[in-house]
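Peer 1: What follows is a structure written as structure tokens; I'll ask about it next.
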Amino acid sequence: MATSDKNAAVAEITEKLRDSSAAVVTSYTGLTVAQLKELRRSLGENAQYRVVKNTLTKIAAKEAGIQLDEHLKGSTAVAFVTGDPVTAAKGLRDFAKENPALVIKGGVLDGKALSADEIKKLADLESREVLLAKLAGGMKASMAKAAATFQAPLTKFARTADALRSKVEQGGAGTPAPAEAAE
């Protein structure tokens, strides 16, 4: 590779690392071109899977302020994730289950280095949308419970007042009149 090509590749990888919310480093030795195409499709539109050169990626990671050196050995490809990292991690995990030749080495999430095990734990999480929906449901339930709690004393007061009114209308059976009580 000519020096200008290397500089361009480093600049491109650096930009992808900076623009990504996460990057997952994998080893792809043993995968066919067809399997790599399938992997790229399974990751969706929020992730881009690229085969990279280790030395150029080390330089790019250093320029981006990210620590990836320990994962850049052997044949390396990186999934640059711009969307939900959980979805991409699930895609990689599921593909690796079906194709053991794909090995997740590690990665980075919002600038923090992740081990392969941490990426697998990330894949076990529910997607952002599901977590937000659960949060909204919990908040709605809490609001309904609070409204019922605030409404309860008013309801109890209204029932008590109604019972007292009914008793007074019936002549106050068993209850002394205010004038009789004063004597």
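Each chain in the structure tokens gets a letter, A, B, ..., in the order shown, and its residues are numbered from 1; ligands are numbered from 1 in order too.
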Quick one: residues within 8 Å of region 31-45 of chain A, only C-alpha atoms counted, chain neighbours fewer than 5 positions away excluded, as a ChimeraX atom specification?
Peer 2: /A:87-88,91-92,95,99,101-102
Peer 1: Using N, CA, C and O atoms, can you export the residues from the last selection as a PDB file, in the first residue's frame?
Peer 2:
ATOM      1  N   THR A  87     -28.338  -4.371  19.732  1.00  0.00           N
ATOM      2  CA  THR A  87     -28.806  -5.066  18.532  1.00  0.00           C
ATOM      3  C   THR A  87     -27.631  -5.640  17.751  1.00  0.00           C
ATOM      4  O   THR A  87     -27.678  -6.795  17.308  1.00  0.00           O
ATOM      5  N   ALA A  88     -26.574  -4.852  17.585  1.00  0.00           N
ATOM      6  CA  ALA A  88     -25.388  -5.329  16.854  1.00  0.00           C
ATOM      7  C   ALA A  88     -24.707  -6.467  17.610  1.00  0.00           C
ATOM      8  O   ALA A  88     -24.283  -7.461  17.002  1.00  0.00           O
ATOM      9  N   GLY A  91     -26.651  -9.565  17.064  1.00  0.00           N
ATOM     10  CA  GLY A  91     -26.426 -10.072  15.710  1.00  0.00           C
ATOM     11  C   GLY A  91     -25.115 -10.826  15.602  1.00  0.00           C
ATOM     12  O   GLY A  91     -25.054 -11.912  15.019  1.00  0.00           O
ATOM     13  N   LEU A  92     -24.063 -10.257  16.175  1.00  0.00           N
ATOM     14  CA  LEU A  92     -22.753 -10.921  16.146  1.00  0.00           C
ATOM     15  C   LEU A  92     -22.767 -12.209  16.971  1.00  0.00           C
ATOM     16  O   LEU A  92     -22.250 -13.243  16.536  1.00  0.00           O
ATOM     17  N   PHE A  95     -24.794 -14.892  15.116  1.00  0.00           N
ATOM     18  CA  PHE A  95     -24.066 -15.373  13.946  1.00  0.00           C
ATOM     19  C   PHE A  95     -22.908 -16.278  14.381  1.00  0.00           C
ATOM     20  O   PHE A  95     -22.642 -17.302  13.751  1.00  0.00           O
ATOM     21  N   ASN A  99     -21.975 -19.967  13.257  1.00  0.00           N
ATOM     22  CA  ASN A  99     -20.704 -20.044  12.534  1.00  0.00           C
ATOM     23  C   ASN A  99     -19.552 -19.867  13.521  1.00  0.00           C
ATOM     24  O   ASN A  99     -19.082 -18.748  13.745  1.00  0.00           O
ATOM     25  N   ALA A 101     -16.547 -20.093  13.344  1.00  0.00           N
ATOM     26  CA  ALA A 101     -15.335 -19.476  12.832  1.00  0.00           C
ATOM     27  C   ALA A 101     -15.266 -17.989  13.189  1.00  0.00           C
ATOM     28  O   ALA A 101     -14.184 -17.410  13.249  1.00  0.00           O
ATOM     29  N   LEU A 102     -16.412 -17.363  13.441  1.00  0.00           N
ATOM     30  CA  LEU A 102     -16.434 -15.967  13.860  1.00  0.00           C
ATOM     31  C   LEU A 102     -16.176 -15.917  15.363  1.00  0.00           C
ATOM     32  O   LEU A 102     -16.916 -16.492  16.153  1.00  0.00           O
TER      33      LEU A 102
END
Peer 1: Run DSSP on the backbone and give me the residues of region 9-172 of chain A it puts in strand (DSSP E), as a PyMOL selection string.
Peer 2: chain A and resi 22-27+47-52+76-81+103-109+112-115
Peer 1: What's around Ala116 (chain A) at 10 Å? Count only C-alpha atoms, leave out sequence neighbours fewer than 6 positions away in its own chain, and write the answer as a PyMOL selection string.
Peer 2: chain A and resi 24-26+71+103-107+122
Peer 1: May I have the selected residues written with N, CA and C atoms, as a PDB file, in the first residue's frame?
Peer 2:
ATOM      1  N   VAL A  24     -16.911  -3.423  17.585  1.00  0.00           N
ATOM      2  CA  VAL A  24     -16.661  -4.786  18.046  1.00  0.00           C
ATOM      3  C   VAL A  24     -15.618  -5.415  17.129  1.00  0.00           C
ATOM      4  N   VAL A  25     -14.532  -5.886  17.728  1.00  0.00           N
ATOM      5  CA  VAL A  25     -13.432  -6.493  16.976  1.00  0.00           C
ATOM      6  C   VAL A  25     -13.638  -8.002  16.948  1.00  0.00           C
ATOM      7  N   THR A  26     -13.525  -8.574  15.747  1.00  0.00           N
ATOM      8  CA  THR A  26     -13.727 -10.011  15.584  1.00  0.00           C
ATOM      9  C   THR A  26     -12.606 -10.623  14.766  1.00  0.00           C
ATOM     10  N   HIS A  71      -6.702  -6.483  21.070  1.00  0.00           N
ATOM     11  CA  HIS A  71      -7.610  -7.273  20.230  1.00  0.00           C
ATOM     12  C   HIS A  71      -7.146  -7.343  18.774  1.00  0.00           C
ATOM     13  N   VAL A 103     -15.096 -15.232  15.743  1.00  0.00           N
ATOM     14  CA  VAL A 103     -14.724 -15.122  17.149  1.00  0.00           C
ATOM     15  C   VAL A 103     -14.760 -13.648  17.542  1.00  0.00           C
ATOM     16  N   ILE A 104     -15.531 -13.347  18.567  1.00  0.00           N
ATOM     17  CA  ILE A 104     -15.585 -11.975  19.083  1.00  0.00           C
ATOM     18  C   ILE A 104     -14.395 -11.800  20.028  1.00  0.00           C
ATOM     19  N   LYS A 105     -13.523 -10.842  19.693  1.00  0.00           N
ATOM     20  CA  LYS A 105     -12.318 -10.618  20.486  1.00  0.00           C
ATOM     21  C   LYS A 105     -12.524  -9.596  21.596  1.00  0.00           C
ATOM     22  N   GLY A 106     -13.303  -8.581  21.316  1.00  0.00           N
ATOM     23  CA  GLY A 106     -13.509  -7.500  22.280  1.00  0.00           C
ATOM     24  C   GLY A 106     -14.023  -6.285  21.539  1.00  0.00           C
ATOM     25  N   GLY A 107     -13.935  -5.144  22.182  1.00  0.00           N
ATOM     26  CA  GLY A 107     -14.396  -3.941  21.509  1.00  0.00           C
ATOM     27  C   GLY A 107     -14.391  -2.743  22.409  1.00  0.00           C
ATOM     28  N   LEU A 122     -23.634  -7.762  26.972  1.00  0.00           N
ATOM     29  CA  LEU A 122     -24.351  -6.675  26.304  1.00  0.00           C
ATOM     30  C   LEU A 122     -25.408  -7.252  25.358  1.00  0.00           C
TER      31      LEU A 122
END
Peer 1: CA of Asp69 (chain A) and CA of Asp110 (chain A), how far apart in Å?
Peer 2: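 These atoms are spaced 16.7 Å apart.
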Peer 1: Using only C-alpha atoms, can you tell me which of A:Val130, A:Ala9, A:Leu17, A:Ala22 comes closest to Gly83 (chain A)?
Peer 2: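 The answer is A:Ala22, which sits nearest to Gly83 (chain A).
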Peer 1: If you run DSSP on this backbone, which residues of region 39-90 of chain A come out as helix (DSSP H, G or I), and could you give them as a list in words?
Peer 2: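 These are the residues in question: Leu39, Arg40, Arg41, Ser42, Leu43, Asn54, Thr55, Leu56, Thr57, Lys58, Ile59, Ala60, Ala61, Lys62, Glu63, Ala64, Asp69, Glu70, His71, Pro85, Val86, Thr87, Ala88, Ala89 and Lys90 of chain A.
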Peer 1: Counting only C-alpha atoms, which of A:Ala2, A:Ala152, A:Ala23, A:Ala161 gets nearest to Val108 (chain A)?
Peer 2: A:Ala23
Peer 1: Point out the residue among A:Ala147, A:Ala89, A:Ala96, A:Ile13 with the least atom-to-atom distance to Glu63 (chain A), counting only C-alpha atoms.
Peer 2: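 Of all the options, A:Ile13 lies closest to Glu63 (chain A).
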Peer 1: Find the spatial neighbours of Leu125 (chain A), counting only C-alpha atoms, within a cut-off of 12 Å - ignore same-chain residues fewer than 4 positions away - and output them as a PyMOL selection string.
Peer 2: chain A and resi 84-90+118-121+129-131
Peer 1: Restricting the calculation to only C-alpha atoms, which member of A:Ala60, A:Ala47, A:Ile66, A:Ala163 is positioned closest to Ala113 (chain A)?
Peer 2: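 The shortest atom-to-atom distance to Ala113 (chain A) comes from A:Ile66.
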Peer 1: Determine the nearest neighbour of Lys16 (chain A) from the options A:Arg159, A:Lys140, A:Arg50, A:Lys145, counting only C-alpha atoms.
Peer 2: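 Among the listed residues, the smallest separation from Lys16 (chain A) belongs to A:Arg50.
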Peer 1: Please list as number ranges by chain every residue within 6 Å of Thr82 (chain A), counting only C-alpha atoms and excluding residues in the same chain fewer than 3 positions away.
Peer 2: A: 20-21, 46-47
Peer 1: Restricted to C-alpha atoms, what would the selected residues look like written as a PDB file, in the first residue's frame?
Peer 2:
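Generated file (again-v4.pdb):
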ATOM      1  CA  SER A  20     -19.509   4.985  16.200  1.00  0.00           C
ATOM      2  CA  SER A  21     -21.221   4.450  19.525  1.00  0.00           C
ATOM      3  CA  ASN A  46     -26.923   0.477  12.124  1.00  0.00           C
ATOM      4  CA  ALA A  47     -23.613  -1.345  11.853  1.00  0.00           C
TER       5      ALA A  47
END
Peer 1: Quick one: residues within 7 Å of region 74-77 of chain A, only C-alpha atoms, excluding same-chain residues fewer than 3 positions away - as number ranges by chain?
Peer 2: A: 25-29, 49-52, 54
Peer 1: Selected residues, N, CA, C and O atoms, written as an mmCIF file, in the first residue's frame, please.
Peer 2:
data_model
loop_
_atom_site.group_PDB
_atom_site.id
_atom_site.type_symbol
_atom_site.label_atom_id
_atom_site.label_comp_id
_atom_site.auth_asym_id
_atom_site.auth_seq_id
_atom_site.Cartn_x
_atom_site.Cartn_y
_atom_site.Cartn_z
ATOM 1 N N VAL A 25 -14.532 -5.886 17.728
ATOM 2 C CA VAL A 25 -13.432 -6.493 16.976
ATOM 3 C C VAL A 25 -13.638 -8.002 16.948
ATOM 4 O O VAL A 25 -13.892 -8.622 17.982
ATOM 5 N N THR A 26 -13.525 -8.574 15.747
ATOM 6 C CA THR A 26 -13.727 -10.011 15.584
ATOM 7 C C THR A 26 -12.606 -10.623 14.766
ATOM 8 O O THR A 26 -11.875 -9.924 14.069
ATOM 9 N N SER A 27 -12.508 -11.927 14.852
ATOM 10 C CA SER A 27 -11.643 -12.708 13.976
ATOM 11 C C SER A 27 -12.558 -13.466 13.019
ATOM 12 O O SER A 27 -13.531 -14.075 13.454
ATOM 13 N N TYR A 28 -12.250 -13.409 11.748
ATOM 14 C CA TYR A 28 -13.148 -13.992 10.753
ATOM 15 C C TYR A 28 -12.512 -15.158 9.992
ATOM 16 O O TYR A 28 -13.083 -15.651 9.022
ATOM 17 N N THR A 29 -11.359 -15.635 10.419
ATOM 18 C CA THR A 29 -10.665 -16.711 9.723
ATOM 19 C C THR A 29 -11.570 -17.930 9.594
ATOM 20 O O THR A 29 -12.145 -18.398 10.576
ATOM 21 N N TYR A 49 -19.658 -3.713 8.925
ATOM 22 C CA TYR A 49 -18.641 -4.725 9.221
ATOM 23 C C TYR A 49 -17.549 -4.626 8.175
ATOM 24 O O TYR A 49 -17.821 -4.790 6.988
ATOM 25 N N ARG A 50 -16.312 -4.343 8.615
ATOM 26 C CA ARG A 50 -15.204 -4.177 7.664
ATOM 27 C C ARG A 50 -13.980 -4.950 8.101
ATOM 28 O O ARG A 50 -13.623 -4.957 9.284
ATOM 29 N N VAL A 51 -13.335 -5.570 7.137
ATOM 30 C CA VAL A 51 -12.037 -6.210 7.366
ATOM 31 C C VAL A 51 -11.009 -5.090 7.395
ATOM 32 O O VAL A 51 -11.017 -4.202 6.535
ATOM 33 N N VAL A 52 -10.133 -5.104 8.409
ATOM 34 C CA VAL A 52 -9.153 -4.029 8.579
ATOM 35 C C VAL A 52 -7.756 -4.594 8.756
ATOM 36 O O VAL A 52 -7.589 -5.750 9.131
ATOM 37 N N ASN A 54 -4.407 -4.603 10.921
ATOM 38 C CA ASN A 54 -4.136 -4.378 12.336
ATOM 39 C C ASN A 54 -3.289 -3.137 12.598
ATOM 40 O O ASN A 54 -3.608 -2.341 13.483
#
Peer 1: Would you mind telling me which residue in A:Thr14, A:Lys62, A:Asp19, A:Lys53 lies nearest to Leu109 (chain A) when using only C-alpha atoms?
Peer 2: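 Among A:Thr14, A:Lys62, A:Asp19, A:Lys53, it is A:Asp19 that comes nearest to Leu109 (chain A).
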